[in-house]
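A.B. asks: work_26.txt (compact mmCIF, C-alpha atoms (C1' of nucleotides)) pasted underneath:
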```
# COMPACT_ATOMS: atom_id res chain seq x y z
CA MET A 1194 20.81 41.29 -11.27
CA ASN A 1195 18.60 41.46 -8.22
CA ILE A 1196 15.05 42.02 -7.08
CA ARG A 1197 15.48 45.78 -7.27
CA THR A 1198 16.33 45.64 -10.95
CA LEU A 1199 13.46 43.27 -11.59
CA CYS A 1200 10.96 45.62 -9.92
CA LEU A 1201 12.34 48.64 -11.74
CA GLY A 1202 12.11 46.76 -15.03
CA ILE A 1203 8.48 45.89 -14.43
CA LEU A 1204 7.66 49.46 -13.41
CA GLN A 1205 9.40 50.70 -16.54
CA PHE A 1206 6.54 49.13 -18.49
CA ASP A 1207 3.72 50.13 -16.18
CA ASP A 1208 2.93 51.34 -12.68
CA ALA A 1209 2.03 48.54 -10.32
CA THR A 1210 1.38 47.53 -6.73
CA GLY A 1211 3.55 45.04 -4.86
CA TYR A 1212 0.76 42.54 -5.18
CA GLU A 1213 0.64 42.95 -8.95
CA ILE A 1214 4.41 42.69 -9.27
CA ASN A 1215 4.31 39.44 -7.35
CA LYS A 1216 1.64 38.06 -9.66
CA LEU A 1217 3.60 39.03 -12.75
CA VAL A 1218 6.72 37.34 -11.41
CA ALA A 1219 4.98 34.24 -10.10
CA ASP A 1220 2.70 33.52 -13.06
CA GLY A 1221 2.62 36.31 -15.54
CA ARG A 1222 4.64 38.00 -18.22
CA PHE A 1223 7.74 38.33 -16.03
CA SER A 1224 7.96 34.80 -14.72
CA HIS A 1225 10.96 33.57 -16.74
CA PHE A 1226 13.64 36.02 -15.72
CA ILE A 1227 14.44 36.42 -12.04
CA GLU A 1228 12.86 34.79 -9.01
CA ALA A 1229 11.13 36.85 -6.37
CA SER A 1230 8.36 36.69 -3.81
CA TYR A 1231 6.45 38.92 -1.40
CA GLY A 1232 9.16 38.73 1.20
CA SER A 1233 11.66 40.34 -1.15
CA ILE A 1234 9.40 42.54 -3.28
CA TYR A 1235 7.77 44.62 -0.54
CA PRO A 1236 11.05 45.45 1.24
CA ALA A 1237 12.68 46.30 -2.11
CA LEU A 1238 9.88 48.73 -2.99
CA THR A 1239 9.98 50.36 0.44
CA LYS A 1240 13.71 50.86 0.24
CA MET A 1241 13.63 52.17 -3.31
CA MET A 1242 10.97 54.68 -2.34
CA GLN A 1243 13.27 56.01 0.36
CA GLU A 1244 15.99 56.29 -2.26
CA LYS A 1245 13.63 58.11 -4.64
CA LEU A 1246 14.00 55.46 -7.34
CA VAL A 1247 10.24 54.97 -7.29
CA THR A 1248 7.28 57.03 -6.14
CA CYS A 1249 4.16 55.76 -4.53
CA ARG A 1250 0.60 56.99 -4.65
CA THR A 1251 -1.99 55.47 -2.36
CA GLU A 1252 -5.39 54.59 -3.71
CA ILE A 1253 -7.85 54.20 -0.87
CA GLN A 1254 -10.38 51.44 -1.34
CA PRO A 1255 -13.28 51.52 1.09
CA GLY A 1256 -13.23 48.37 3.18
CA LYS A 1257 -10.13 46.94 1.47
CA PRO A 1258 -6.43 47.51 2.09
CA SER A 1259 -5.28 50.58 0.19
CA ARG A 1260 -3.48 50.00 -3.08
CA LYS A 1261 0.03 51.44 -3.01
CA ILE A 1262 0.79 52.05 -6.65
CA TYR A 1263 4.46 52.43 -7.43
CA ALA A 1264 5.93 54.28 -10.39
CA ILE A 1265 9.52 54.53 -11.59
CA THR A 1266 11.33 57.88 -11.40
CA PRO A 1267 14.05 59.22 -13.73
CA ALA A 1268 16.60 58.23 -11.09
CA GLY A 1269 15.07 54.77 -11.07
CA GLN A 1270 15.39 54.54 -14.83
CA GLU A 1271 19.02 55.52 -14.57
CA GLU A 1272 19.60 52.78 -12.01
CA LEU A 1273 17.74 50.28 -14.20
CA PHE A 1274 19.69 51.00 -17.38
CA ARG A 1275 22.92 51.06 -15.40
CA ALA A 1276 22.16 47.60 -14.04
CA LEU A 1277 21.25 46.28 -17.49
CA GLU A 1278 24.77 47.08 -18.70
CA ASP A 1279 26.19 44.30 -16.56
CA THR A 1280 26.61 41.05 -18.44
CA PRO A 1281 23.56 38.94 -17.61
CA ARG A 1282 24.29 35.86 -15.59
CA PRO A 1283 24.02 32.49 -17.38
CA ASN A 1284 20.60 30.88 -17.70
CA ARG A 1285 19.59 28.79 -14.75
CA PHE A 1286 17.79 25.54 -15.33
CA LYS A 1287 16.94 23.17 -12.49
CA SER A 1288 14.77 20.07 -12.63
CA GLU A 1289 13.76 17.93 -9.69
CA PHE A 1290 12.15 15.56 -12.18
CA LEU A 1291 15.54 14.84 -13.75
CA PHE A 1292 16.99 14.33 -10.27
CA LEU A 1293 14.35 11.72 -9.63
CA GLY A 1294 15.34 10.08 -12.92
CA LEU A 1295 18.81 9.36 -11.52
CA PHE A 1296 17.26 6.80 -9.23
CA ALA A 1297 14.91 5.23 -11.75
CA ASN A 1298 16.34 1.77 -11.35
CA MET A 1299 16.08 1.90 -7.55
CA LEU A 1300 12.47 3.06 -7.35
CA PRO A 1301 9.12 1.33 -7.92
CA ALA A 1302 8.14 1.34 -11.59
CA ASP A 1303 4.75 2.87 -10.93
CA LEU A 1304 6.27 5.81 -9.10
CA MET A 1305 8.49 6.54 -12.08
CA GLU A 1306 5.63 6.17 -14.53
CA LYS A 1307 3.50 8.54 -12.50
CA ALA A 1308 6.33 11.05 -12.42
CA PHE A 1309 6.85 10.83 -16.18
CA THR A 1310 3.15 11.28 -16.91
CA HIS A 1311 2.96 14.19 -14.53
CA HIS A 1312 5.99 15.86 -16.01
CA GLU A 1313 4.79 15.34 -19.55
CA ASN A 1314 1.47 16.96 -18.71
CA GLU A 1315 3.27 19.80 -17.01
CA LEU A 1316 5.39 20.47 -20.08
CA MET A 1317 2.37 20.25 -22.37
CA THR A 1318 0.37 22.71 -20.31
CA LEU A 1319 3.34 25.04 -20.12
CA VAL A 1320 3.87 25.04 -23.87
CA GLU A 1321 0.17 25.57 -24.52
CA ASP A 1322 -0.03 28.44 -22.07
CA MET A 1323 3.02 30.04 -23.61
CA GLN A 1324 1.67 29.71 -27.12
CA ASP A 1325 -1.57 31.22 -25.95
CA HIS A 1326 0.26 34.02 -24.24
CA CYS A 1327 2.45 34.60 -27.28
CA ASN A 1328 -0.57 35.41 -29.41
CA HIS A 1329 -1.85 38.06 -27.02
CA CYS A 1330 1.49 39.78 -26.74
CA ASP A 1331 2.72 42.80 -28.62
CA ASN A 1332 6.00 43.68 -26.94
CA PRO A 1333 8.80 42.27 -29.12
CA GLY A 1334 11.03 41.50 -26.12
CA SER A 1335 8.29 39.51 -24.43
CA LYS A 1336 7.46 37.75 -27.66
CA PHE A 1337 11.08 36.81 -28.14
CA ALA A 1338 11.34 35.49 -24.59
CA ILE A 1339 8.20 33.40 -24.89
CA GLY A 1340 9.30 32.07 -28.25
CA TYR A 1341 12.58 31.02 -26.66
CA GLY A 1342 10.72 29.23 -23.90
CA ILE A 1343 8.37 27.50 -26.34
CA ALA A 1344 11.27 26.29 -28.46
CA ALA A 1345 13.20 24.89 -25.51
CA ASN A 1346 10.24 23.26 -23.80
CA LYS A 1347 8.86 21.76 -26.98
CA ALA A 1348 12.24 20.18 -27.58
CA ALA A 1349 12.30 18.89 -24.02
CA LEU A 1350 8.82 17.45 -24.43
CA GLU A 1351 9.73 15.69 -27.63
CA TYR A 1352 12.89 14.32 -26.04
CA LEU A 1353 10.84 13.08 -23.13
CA ARG A 1354 8.40 11.24 -25.35
CA GLN A 1355 11.07 9.65 -27.47
CA ASN A 1356 13.35 8.60 -24.64
CA LYS A 1357 11.21 7.79 -21.65
CA HIS A 1358 11.59 4.12 -22.39
CA LEU A 1359 15.24 4.45 -21.35
CA LEU A 1360 14.15 4.89 -17.74
CA LEU A 1361 10.82 3.10 -17.74
CA GLU A 1362 12.20 -0.37 -18.48
CA SER A 1363 8.88 -1.23 -20.05
CA ASP A 1364 9.07 -2.22 -23.69
CA PRO A 1365 11.56 -5.01 -24.16
CA ALA A 1366 9.34 -6.10 -27.02
CA GLU A 1367 11.34 -3.98 -29.43
CA PRO A 1368 15.02 -4.36 -28.65
CA VAL A 1369 17.02 -1.56 -30.17
CA SER A 1370 20.01 -3.60 -31.14
CA THR A 1371 20.25 -7.36 -31.57
CA ASP A 1372 24.01 -7.75 -31.49
CA VAL A 1373 24.59 -6.67 -27.93
CA THR A 1374 26.97 -9.05 -26.30
CA LYS A 1375 26.48 -7.90 -22.77
CA GLU A 1376 23.60 -9.32 -20.81
CA PRO A 1377 21.50 -6.44 -19.51
CA SER A 1378 19.97 -8.52 -16.74
CA HIS A 1379 21.88 -7.04 -13.83
CA GLU A 1380 19.91 -5.54 -10.93
CA MET B 851 13.08 18.63 -2.32
CA ASN B 852 15.88 20.31 -0.44
CA ILE B 853 19.62 20.36 0.05
CA ARG B 854 19.46 17.37 2.37
CA THR B 855 17.86 15.21 -0.29
CA LEU B 856 20.36 16.44 -2.85
CA CYS B 857 23.31 15.50 -0.63
CA LEU B 858 21.80 12.10 0.20
CA GLY B 859 21.23 11.49 -3.50
CA ILE B 860 24.83 12.25 -4.33
CA LEU B 861 26.10 10.09 -1.49
CA GLN B 862 23.86 7.27 -2.70
CA PHE B 863 26.14 7.04 -5.73
CA ASP B 864 29.43 7.54 -3.95
CA ASP B 865 30.98 8.76 -0.72
CA ALA B 866 32.15 12.35 -0.91
CA THR B 867 33.44 15.33 1.02
CA GLY B 868 31.52 18.59 1.28
CA TYR B 869 33.99 20.12 -1.10
CA GLU B 870 33.39 17.41 -3.68
CA ILE B 871 29.62 17.69 -3.32
CA ASN B 872 29.87 21.40 -3.95
CA LYS B 873 31.91 20.81 -7.08
CA LEU B 874 29.43 18.26 -8.40
CA VAL B 875 26.53 20.65 -7.80
CA ALA B 876 28.25 23.75 -9.12
CA ASP B 877 29.80 22.28 -12.28
CA GLY B 878 29.60 18.56 -12.40
CA ARG B 879 27.21 15.69 -12.92
CA PHE B 880 24.67 17.04 -10.44
CA SER B 881 24.44 20.62 -11.63
CA HIS B 882 21.01 20.50 -13.28
CA PHE B 883 18.79 19.46 -10.43
CA ILE B 884 18.80 21.53 -7.26
CA GLU B 885 20.83 24.59 -6.35
CA ALA B 886 23.22 24.55 -3.43
CA SER B 887 26.44 26.09 -2.18
CA TYR B 888 28.96 25.72 0.64
CA GLY B 889 26.85 27.67 3.05
CA SER B 890 24.03 25.16 2.78
CA ILE B 891 25.95 21.94 2.09
CA TYR B 892 28.25 21.96 5.13
CA PRO B 893 25.47 22.66 7.65
CA ALA B 894 23.26 20.01 6.01
CA LEU B 895 25.98 17.39 6.30
CA THR B 896 26.71 18.29 9.92
CA LYS B 897 23.06 18.06 10.84
CA MET B 898 22.51 14.81 8.98
CA MET B 899 25.49 13.30 10.76
CA GLN B 900 23.88 14.13 14.08
CA GLU B 901 20.71 12.46 12.86
CA LYS B 902 22.69 9.39 11.74
CA LEU B 903 21.59 9.75 8.13
CA VAL B 904 25.23 9.89 7.09
CA THR B 905 28.50 8.80 8.65
CA CYS B 906 31.78 10.57 8.43
CA ARG B 907 35.33 9.30 8.39
CA THR B 908 38.19 11.72 8.62
CA GLU B 909 41.19 11.29 6.39
CA ILE B 910 44.14 13.22 7.72
CA GLN B 911 46.30 14.86 5.11
CA PRO B 912 49.60 16.15 6.38
CA GLY B 913 49.75 19.90 5.94
CA LYS B 914 46.26 20.13 4.41
CA PRO B 915 42.84 20.35 6.00
CA SER B 916 41.56 16.87 6.76
CA ARG B 917 39.09 15.37 4.34
CA LYS B 918 35.79 14.56 6.00
CA ILE B 919 34.37 11.86 3.82
CA TYR B 920 30.65 11.34 4.21
CA ALA B 921 28.76 8.14 3.46
CA ILE B 922 25.04 7.46 3.45
CA THR B 923 23.56 5.12 6.09
CA PRO B 924 20.53 2.80 5.74
CA ALA B 925 18.50 5.45 7.62
CA GLY B 926 19.74 8.01 5.13
CA GLN B 927 18.64 5.81 2.23
CA GLU B 928 15.21 5.50 3.80
CA GLU B 929 14.97 9.26 4.09
CA LEU B 930 16.16 9.68 0.50
CA PHE B 931 13.67 7.27 -1.01
CA ARG B 932 10.93 8.70 1.17
CA ALA B 933 11.68 12.19 -0.16
CA LEU B 934 11.77 10.95 -3.75
CA GLU B 935 8.16 9.82 -3.42
CA ASP B 936 6.98 13.42 -3.28
CA THR B 937 5.95 14.77 -6.64
CA PRO B 938 8.93 16.71 -7.98
CA ARG B 939 8.40 20.43 -8.24
CA PRO B 940 8.06 21.89 -11.74
CA ASN B 941 11.21 22.71 -13.69
CA ARG B 942 12.64 26.11 -12.99
CA PHE B 943 14.05 28.14 -15.81
CA LYS B 944 15.27 31.70 -15.33
CA SER B 945 17.15 33.86 -17.81
CA GLU B 946 18.58 37.29 -17.15
CA PHE B 947 19.46 37.44 -20.84
CA LEU B 948 15.79 37.26 -21.77
CA PHE B 949 15.05 39.95 -19.18
CA LEU B 950 17.57 42.18 -20.89
CA GLY B 951 15.80 41.47 -24.17
CA LEU B 952 12.66 43.16 -22.88
CA PHE B 953 14.47 46.48 -23.08
CA ALA B 954 16.12 45.91 -26.44
CA ASN B 955 14.54 48.97 -28.03
CA MET B 956 15.62 51.22 -25.14
CA LEU B 957 19.26 50.18 -25.01
CA PRO B 958 22.28 50.90 -27.21
CA ALA B 959 22.48 48.53 -30.16
CA ASP B 960 26.05 47.49 -29.40
CA LEU B 961 25.14 46.48 -25.87
CA MET B 962 22.41 44.22 -27.20
CA GLU B 963 24.65 42.75 -29.85
CA LYS B 964 27.34 42.02 -27.29
CA ALA B 965 24.77 40.34 -25.08
CA PHE B 966 23.47 38.19 -27.91
CA THR B 967 26.95 37.11 -28.96
CA HIS B 968 27.87 36.33 -25.38
CA HIS B 969 24.71 34.34 -24.81
CA GLU B 970 25.10 32.42 -28.05
CA ASN B 971 28.64 31.45 -27.09
CA GLU B 972 27.45 30.45 -23.66
CA LEU B 973 24.79 28.15 -25.11
CA MET B 974 27.23 26.68 -27.60
CA THR B 975 29.80 25.91 -24.92
CA LEU B 976 27.12 24.44 -22.71
CA VAL B 977 25.83 22.12 -25.43
CA GLU B 978 29.34 21.04 -26.37
CA ASP B 979 30.25 20.32 -22.77
CA MET B 980 27.07 18.35 -22.29
CA GLN B 981 27.64 16.30 -25.43
CA ASP B 982 31.16 15.63 -24.27
CA HIS B 983 29.92 14.66 -20.84
CA CYS B 984 27.20 12.46 -22.31
CA ASN B 985 29.75 10.27 -24.02
CA HIS B 986 31.71 9.62 -20.83
CA CYS B 987 28.65 8.72 -18.86
CA ASP B 988 27.30 5.29 -18.09
CA ASN B 989 24.49 5.92 -15.60
CA PRO B 990 21.21 5.83 -17.55
CA GLY B 991 19.60 8.47 -15.34
CA SER B 992 22.47 10.88 -15.87
CA LYS B 993 22.48 10.14 -19.58
CA PHE B 994 18.78 10.84 -19.79
CA ALA B 995 19.16 14.13 -17.90
CA ILE B 996 22.02 15.32 -20.06
CA GLY B 997 20.14 14.33 -23.19
CA TYR B 998 17.20 16.37 -21.98
CA GLY B 999 19.45 19.36 -21.42
CA ILE B 1000 21.11 19.01 -24.79
CA ALA B 1001 17.76 18.84 -26.56
CA ALA B 1002 16.37 21.91 -24.82
CA ASN B 1003 19.49 24.03 -25.15
CA LYS B 1004 20.08 23.10 -28.78
CA ALA B 1005 16.53 24.21 -29.53
CA ALA B 1006 17.11 27.45 -27.63
CA LEU B 1007 20.33 28.04 -29.57
CA GLU B 1008 18.65 27.45 -32.87
CA TYR B 1009 15.79 29.75 -31.91
CA LEU B 1010 18.30 32.40 -30.90
CA ARG B 1011 20.09 32.24 -34.22
CA GLN B 1012 16.93 32.34 -36.26
CA ASN B 1013 15.21 35.12 -34.33
CA LYS B 1014 17.87 37.46 -33.02
CA HIS B 1015 17.07 39.88 -35.81
CA LEU B 1016 13.74 40.53 -34.07
CA LEU B 1017 15.56 42.36 -31.26
CA LEU B 1018 18.68 43.57 -33.04
CA GLU B 1019 16.80 46.19 -35.03
CA SER B 1020 17.58 44.41 -38.23
CA ASP B 1021 18.11 46.90 -40.95
CA PRO B 1022 17.40 44.66 -43.85
CA ALA B 1023 18.02 47.49 -46.26
CA GLU B 1024 21.27 47.01 -48.16
CA PRO B 1025 23.76 49.25 -46.37
CA VAL B 1026 27.26 50.23 -47.32
CA SER B 1027 27.94 48.07 -50.30
CA THR B 1028 29.30 50.04 -53.22
CA ASP B 1029 29.12 46.94 -55.25
CA VAL B 1030 25.78 46.31 -56.88
CA THR B 1031 26.39 42.69 -57.72
CA LYS B 1032 23.65 40.25 -56.76
CA GLU B 1033 25.93 38.47 -54.30
CA PRO B 1034 23.99 38.05 -51.06
CA SER B 1035 25.81 39.75 -48.23
CA HIS B 1036 27.19 37.47 -45.64
CA GLU B 1037 29.61 37.86 -42.76
C1' DC C 24 58.99 34.32 -6.18
C1' DT C 25 54.72 36.14 -7.26
C1' DG C 26 50.34 35.29 -8.45
C1' DC C 27 46.94 32.00 -9.72
C1' DT C 28 44.44 27.87 -9.22
C1' DA C 29 43.10 23.86 -6.64
C1' DT C 30 42.15 21.44 -2.36
C1' DA C 31 39.36 21.64 2.00
C1' DT C 32 36.61 23.26 5.99
C1' DA C 33 33.90 26.70 7.93
C1' DT C 34 31.15 30.81 8.98
C1' DC C 35 29.08 35.63 8.76
C1' DA C 36 26.33 39.19 6.79
C1' DT C 37 23.07 39.70 3.69
C1' DA C 38 19.39 38.32 0.71
C1' DT C 39 15.55 35.67 -0.02
C1' DC C 40 11.74 32.38 0.66
C1' DT C 41 7.83 30.18 2.99
C1' DA C 42 4.24 30.70 5.62
C1' DT C 43 1.33 33.30 8.05
C1' DA C 44 -1.52 37.36 9.94
C1' DT C 45 -4.91 40.78 8.84
C1' DA C 46 -9.13 42.27 6.32
C1' DT C 47 -12.69 42.24 2.85
C1' DA C 48 -15.38 40.83 -1.34
C1' DG C 49 -17.29 37.64 -4.49
C1' DC C 50 -18.65 33.13 -6.06
C1' DG C 51 -20.43 28.39 -6.15
C1' DC C 52 -22.74 24.87 -3.65
C1' DG C 53 -25.89 22.27 -0.87
C1' DC D 307 -27.89 31.55 3.86
C1' DG D 308 -23.77 30.31 5.66
C1' DC D 309 -19.50 27.57 4.46
C1' DG D 310 -15.43 27.20 2.25
C1' DC D 311 -12.67 28.77 -1.45
C1' DT D 312 -10.42 32.11 -4.20
C1' DA D 313 -8.91 36.75 -5.09
C1' DT D 314 -7.35 41.26 -3.64
C1' DA D 315 -3.76 43.72 -0.81
C1' DT D 316 -0.07 44.84 2.61
C1' DA D 317 3.24 43.28 5.72
C1' DT D 318 6.55 40.61 8.47
C1' DA D 319 8.75 36.77 11.39
C1' DG D 320 11.41 32.93 11.16
C1' DA D 321 13.75 29.67 8.47
C1' DT D 322 16.83 29.01 4.84
C1' DA D 323 20.31 29.99 1.38
C1' DT D 324 23.65 32.69 -0.96
C1' DG D 325 28.00 35.11 -1.73
C1' DA D 326 31.98 36.40 0.10
C1' DT D 327 35.54 35.74 2.92
C1' DA D 328 38.95 33.55 6.33
C1' DT D 329 42.31 29.97 7.05
C1' DA D 330 46.02 26.91 5.26
C1' DT D 331 48.80 24.47 2.00
C1' DA D 332 50.45 22.63 -2.57
C1' DG D 333 51.50 22.93 -7.34
C1' DC D 334 52.29 25.30 -11.47
C1' DA D 335 53.20 29.09 -14.93
C1' DG D 336 55.62 32.99 -16.14
```
I need this file expressed as structure tokens, please.

C.D. replies:
Amino acid sequence: MNIRTLCLGILQFDDATGYEINKLVADGRFSHFIEASYGSIYPALTKMMQEKLVTCRTEIQPGKPSRKIYAITPAGQEELFRALEDTPRPNRFKSEFLFLGLFANMLPADLMEKAFTHHENELMTLVEDMQDHCNHCDNPGSKFAIGYGIAANKAALEYLRQNKHLLLESDPAEPVSTDVTKEPSHE
Amino acid sequence: MNIRTLCLGILQFDDATGYEINKLVADGRFSHFIEASYGSIYPALTKMMQEKLVTCRTEIQPGKPSRKIYAITPAGQEELFRALEDTPRPNRFKSEFLFLGLFANMLPADLMEKAFTHHENELMTLVEDMQDHCNHCDNPGSKFAIGYGIAANKAALEYLRQNKHLLLESDPAEPVSTDVTKEPSHE
DNA sequence: CTGCTATATATCATATCTATATATAGCGCG
DNA sequence: CGCGCTATATATAGATATGATATATAGCAG
């Protein structure tokens, strides 16, 4: 699945400008599926217009750049549904925060604590935004997707809260097990 | 955070060849942090060798391409820990499966069902592999990361199972049963 | 003995991202 | 009232990364 399919999919729901598509992919309702940015969206739209997969009407705005509003054509829909038949690629999850965690014992404690706090806030905000968004959403596919995201991120958040002590060597006050034979004093 | 930092981070734990780094990033212990592939790893290593951030010793194998084993230098460690001070970028999660879900009501039911089954199996395998991996893992940072992944993906899997009916046009009406016993249908 | 997988380096064409240029409007702030 | 900031809107250059392939050999299954 590529940028073309993403754009066609968005246009299948509603006509849009390149600017609007970018917003939807960066922040909005289409931000959890496929990555894209200006540099790929505008060329994709231009090319698909040449191939008659989309049409474009120009809305002149006095004093502002004209809005080029794209709409999907029947040929575009064919291409879209053809592409959707391919087995979707596996989910992609990448976390720089977790990468940082690999080096927890080699880094200053305050740096790690700052990172944990930051990440926790990030997850909280994300879950709240998604829950908010979920309420103002009627499309069942979107609702399902957001629900999926809420479930996964809530679980991650809970895991984070319950296990951060494993990397924040902070609370030795409450040792988990008393019959450990090995001295954990190394490093 | 970029490919350079990723490579330095891997080499911080152990010397490795470009081939091995690629394996670790594609499949292995370092597959949940930052994306990379041959085309970016080899050039990064070459450049970092010129900059003395890594060293390279060549191990000649008769009949096979020589192994170029890279090791991090003190300057490389400095660069690594410098880079780790930057606030990690937010987690990235992208799912083509969820994108497909947006069009559930426009696509053939069997296509959607196939996609759901496939995705469910994918998640199951992933969770199992991670649990397996978690047991044979001593590094606390790695353990934490895998635990995080297990928590999130288990929640996603559970959500999937409990909500797939929302997109699989559940026909909750009793279908083909000629038997009118009260036995709840299951399959 | 053929095909497949694994080891191992390397690069090319293509795709994509990041950052910027251009232009205007509106808003808050001192 | 101007200053900076944000938002709207298109577009692209340059840097970066991906995906596929080339090269070469070994081991294993059928």

A.B. asks: For chain C, work out the contacting residues on chain B at 8 Å, counting all atoms listed in the file, and write them as a ChimeraX atom specification.

C.D. replies: /B:869,889,892,914-917

A.B. asks: Which residue, D:DA317, D:DC311, D:DA328, D:DA323, has the smallest gap to chain A when you use all atoms listed in the file?

C.D. replies: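 Comparing D:DA317, D:DC311, D:DA328, D:DA323 against chain A, the winner is D:DA317.
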
A.B. asks: Counting all atoms listed in the file, give me one row per residue of chain B with an atom at most 8 Å from an atom of chain A, showing the shortest contact pair and its distance in Å to one decimal, sorted by chain then residue number, as JSON lines.

C.D. replies:
```
{"residue": "B:Met851", "atom": "CA", "partner": "A:Glu1289", "partner_atom": "CA", "distance": 7.4}
{"residue": "B:Ser881", "atom": "CA", "partner": "A:Lys1287", "partner_atom": "CA", "distance": 8.0}
{"residue": "B:His882", "atom": "CA", "partner": "A:Lys1287", "partner_atom": "CA", "distance": 4.9}
{"residue": "B:Phe883", "atom": "CA", "partner": "A:Ser1288", "partner_atom": "CA", "distance": 4.6}
{"residue": "B:Ile884", "atom": "CA", "partner": "A:Lys1287", "partner_atom": "CA", "distance": 5.8}
{"residue": "B:Glu885", "atom": "CA", "partner": "A:Lys1287", "partner_atom": "CA", "distance": 7.4}
{"residue": "B:Phe931", "atom": "CA", "partner": "A:Leu1300", "partner_atom": "CA", "distance": 7.7}
{"residue": "B:Leu934", "atom": "CA", "partner": "A:Leu1293", "partner_atom": "CA", "distance": 6.5}
{"residue": "B:Glu935", "atom": "CA", "partner": "A:Leu1304", "partner_atom": "CA", "distance": 7.2}
{"residue": "B:Thr937", "atom": "CA", "partner": "A:Ala1308", "partner_atom": "CA", "distance": 6.9}
{"residue": "B:Pro938", "atom": "CA", "partner": "A:Glu1289", "partner_atom": "CA", "distance": 5.3}
{"residue": "B:Arg939", "atom": "CA", "partner": "A:Glu1289", "partner_atom": "CA", "distance": 6.1}
{"residue": "B:Pro940", "atom": "CA", "partner": "A:Ser1288", "partner_atom": "CA", "distance": 7.0}
{"residue": "B:Asn941", "atom": "CA", "partner": "A:Ser1288", "partner_atom": "CA", "distance": 4.6}
{"residue": "B:Arg942", "atom": "CA", "partner": "A:Lys1287", "partner_atom": "CA", "distance": 5.2}
{"residue": "B:Phe943", "atom": "CA", "partner": "A:Phe1286", "partner_atom": "CA", "distance": 4.6}
{"residue": "B:Lys944", "atom": "CA", "partner": "A:Phe1226", "partner_atom": "CA", "distance": 4.6}
{"residue": "B:Ser945", "atom": "CA", "partner": "A:Asn1284", "partner_atom": "CA", "distance": 4.6}
{"residue": "B:Glu946", "atom": "CA", "partner": "A:Pro1281", "partner_atom": "CA", "distance": 5.3}
{"residue": "B:Phe947", "atom": "CA", "partner": "A:Pro1281", "partner_atom": "CA", "distance": 5.4}
{"residue": "B:Leu948", "atom": "CA", "partner": "A:Ala1338", "partner_atom": "CA", "distance": 5.6}
{"residue": "B:Phe949", "atom": "CA", "partner": "A:Phe1226", "partner_atom": "CA", "distance": 5.4}
{"residue": "B:Leu950", "atom": "CA", "partner": "A:Leu1277", "partner_atom": "CA", "distance": 6.5}
{"residue": "B:Gly951", "atom": "CA", "partner": "A:Gly1334", "partner_atom": "CA", "distance": 5.2}
{"residue": "B:Leu952", "atom": "CA", "partner": "A:Gly1334", "partner_atom": "CA", "distance": 4.0}
{"residue": "B:Phe953", "atom": "CA", "partner": "A:Gly1334", "partner_atom": "CA", "distance": 6.8}
{"residue": "B:Ala954", "atom": "CA", "partner": "A:Gly1334", "partner_atom": "CA", "distance": 6.7}
{"residue": "B:Leu957", "atom": "CA", "partner": "A:Phe1274", "partner_atom": "CA", "distance": 7.7}
{"residue": "B:Leu961", "atom": "CA", "partner": "A:Glu1278", "partner_atom": "CA", "distance": 7.2}
{"residue": "B:Ala965", "atom": "CA", "partner": "A:Thr1280", "partner_atom": "CA", "distance": 6.9}
{"residue": "B:His969", "atom": "CA", "partner": "A:Pro1283", "partner_atom": "CA", "distance": 7.7}
{"residue": "B:Glu972", "atom": "CA", "partner": "A:Pro1283", "partner_atom": "CA", "distance": 7.4}
{"residue": "B:Asn989", "atom": "CA", "partner": "A:Leu1295", "partner_atom": "CA", "distance": 7.8}
{"residue": "B:Pro990", "atom": "CA", "partner": "A:Leu1360", "partner_atom": "CA", "distance": 7.1}
{"residue": "B:Gly991", "atom": "CA", "partner": "A:Leu1295", "partner_atom": "CA", "distance": 4.0}
{"residue": "B:Ser992", "atom": "CA", "partner": "A:Leu1295", "partner_atom": "CA", "distance": 5.9}
{"residue": "B:Phe994", "atom": "CA", "partner": "A:Leu1359", "partner_atom": "CA", "distance": 7.5}
{"residue": "B:Ala995", "atom": "CA", "partner": "A:Leu1291", "partner_atom": "CA", "distance": 5.6}
{"residue": "B:Gly997", "atom": "CA", "partner": "A:Tyr1352", "partner_atom": "CA", "distance": 7.8}
{"residue": "B:Tyr998", "atom": "CA", "partner": "A:Ala1349", "partner_atom": "CA", "distance": 5.9}
{"residue": "B:Gly999", "atom": "CA", "partner": "A:Ala1349", "partner_atom": "CA", "distance": 7.6}
{"residue": "B:Ala1001", "atom": "CA", "partner": "A:Ala1348", "partner_atom": "CA", "distance": 5.8}
{"residue": "B:Ala1002", "atom": "CA", "partner": "A:Ala1345", "partner_atom": "CA", "distance": 4.4}
{"residue": "B:Asn1003", "atom": "CA", "partner": "A:Ala1345", "partner_atom": "CA", "distance": 6.4}
{"residue": "B:Lys1004", "atom": "CA", "partner": "A:Ala1345", "partner_atom": "CA", "distance": 7.8}
{"residue": "B:Ala1005", "atom": "CA", "partner": "A:Ala1345", "partner_atom": "CA", "distance": 5.3}
{"residue": "B:Ala1006", "atom": "CA", "partner": "A:Ala1345", "partner_atom": "CA", "distance": 5.1}
{"residue": "B:Tyr1009", "atom": "CA", "partner": "A:Tyr1341", "partner_atom": "CA", "distance": 6.3}
{"residue": "B:Leu1010", "atom": "CA", "partner": "A:Tyr1341", "partner_atom": "CA", "distance": 7.3}
{"residue": "B:Asn1013", "atom": "CA", "partner": "A:Phe1337", "partner_atom": "CA", "distance": 7.6}
{"residue": "B:Leu1016", "atom": "CA", "partner": "A:Pro1333", "partner_atom": "CA", "distance": 7.2}
{"residue": "B:Leu1017", "atom": "CA", "partner": "A:Gly1334", "partner_atom": "CA", "distance": 6.9}
```
